[in-house]
Amino acid sequence: MDQQRIVFVAFEGFQLLDLTGPFEVFQQAARLRPGYSCETVGPAAGLVRSNSGLRVHADHGIGDLDPRGIDTLVVAGGSGVDAARTDPALVAWIAAAGATARRVASVCSGVFLLAAAGLVADHRVTSHWSRDDQLRREHPGLAVDTHPIFIRDGRVWTSAGVTAGMDLALALVEDDHGREVAHAIAQELVLFLRRPGSQAQFSVPLWSAQPSTDPIRAAVSAVHADPGGPHSVADLAARAGLSPRHLQRRFTAELGVPPAEYVERVRIEAARRALAEGDAPVATIARRCGLGSAETLRRAFHRHLGVPPSDYRDRFRSSKEHA
């Protein structure tokens, strides 16, 4: 069988899991369906220090690895990417390898190296949410969307950071060998079923700030204690001891989102947990979580997560069911 060469690019200060997570996914795939050959390349062969201090041995240096003949090029991200993209030899090698590879991929801020190499011009890309402003500012020609965990645009695949690289790698394997193989790898690595690329990067603890005053903290606590309860602006204002107008203004100032949006997102999080952990019908979950009807829940999932509730349940069913 012809070998599909998967080459991972590392550099000083790369994010360790950006490389080792996807690498392990492809190695598991190679055990199930022989054909993948995984290699690492760095500015020079030998030990490359990650941003956590742990070193990884690069099989090759860019000076001794022919950039031609690579099936999939995967570029890690990490705090060292800003220095790495000023290395003309490394950028030139990535450009040459990416020009002939069947697919090019980046994890997290690795997209900056792909951009420096001219491999993502006019493409839709993603990265870690914290790099959104920088990516838009430095590369205005890109269609940047840091909401999804990964994006495929033609032969260019980009992902958010760290564990999202494993989702990206599972998607690449699924593209080659089908969902059953990707599912088997997810089970072996004790992962949830592969998250779709449209899955949002954020959950409740990350998409809003924390309340800074007791009145707003009381309102927020009430929402989390009973997502399906009555949480109109008037209800929350009563719990906070404020007028509805004052509550609306202070809530938005402290948390960065208005009360109604916050309540909807908390309810969606509750519905996500219920779908993944139980067998209740979607309509029942919608009522319990305060979203009213199955159709309202479906629209909310599409708006915030990009997937319908049924698909979410299929992909996130508790791993104990697959033991």
# chains A, B, ... in the order shown; residues from 1 in each chain; ligands from 1
>>> residues_around(residues="A:Ala164", least_positions_apart="6", cutoff="10 Å", atoms="only C-alpha atoms", output="PyMOL selection string")
chain A and resi 17-18+21-22+107-108+127-128+148-150+158+170+195+197+201
>>> residues_around(residues="stretch 245-258 of chain A", least_positions_apart="3", cutoff="9 Å", atoms="only C-alpha atoms", output="list of chain:residue names")
A:Trp207, A:Ser208, A:Ala209, A:Gln210, A:Pro211, A:Ser212, A:Thr213, A:Pro215, A:Ile216, A:Ala219, A:Val233, A:Ala234, A:Leu236, A:Ala237, A:Ala240, A:Gly241, A:Leu242, A:Glu261, A:Tyr262, A:Val263
>>> residues_around(residues="stretch 57-68 of chain A", least_positions_apart="4", cutoff="12 Å", atoms="only C-alpha atoms", output="JSON, numbers by chain")
{"A": [5, 6, 7, 8, 9, 10, 11, 12, 16, 19, 20, 38, 39, 40, 41, 42, 43, 44, 45, 46, 47, 48, 49, 50, 72, 73, 87, 88, 89, 90, 91, 92, 93, 94, 95, 96, 97, 98, 99, 100, 101, 102]}
>>> residues_around(residues="stretch 220-231 of chain A", least_positions_apart="4", cutoff="6 Å", atoms="only C-alpha atoms", output="list of chain:residue names")
A:Asp235, A:Leu236, A:Arg267, A:Arg288, A:Cys289, A:Gly290
>>> closest_residue(among="A:Ala238, A:Ala271, A:Leu54, A:Val74", to="A:Ala300", atoms="only C-alpha atoms")
A:Ala271
>>> atom_distance(atom1="atom CA of A:Pro309", atom2="atom CA of A:Val266")
15.5 Å
>>> residues_around(residues="A:Arg124", least_positions_apart="6", cutoff="9 Å", atoms="only C-alpha atoms", output="JSON, numbers by chain")
{"A": [142, 143, 144, 145, 151, 152, 153, 156, 158]}
>>> atom_distance(atom1="atom CA of A:Ser310", atom2="atom CA of A:Ser293")
14.2 Å
>>> closest_residue(among="A:Ser159, A:Gly110, A:Ala117, A:Met166", to="A:Ala182", atoms="only C-alpha atoms")
A:Met166
>>> closest_residue(among="A:Glu295, A:Asp122, A:Asp71, A:Asp82", to="A:Arg103", atoms="only C-alpha atoms")
A:Asp71
>>> select_by_dssp(residues="stretch 117-234 of chain A", states="helix (DSSP H, G or I)", output="count of residues only")
52
>>> atom_distance(atom1="atom CA of A:Pro308", atom2="atom CA of A:Ser232")
25.6 Å
>>> select_by_dssp(residues="stretch 8-95 of chain A", states="strand (DSSP E)", output="number ranges by chain")
A: 8-9, 36-42, 46-49, 55-58, 60-61, 72-75
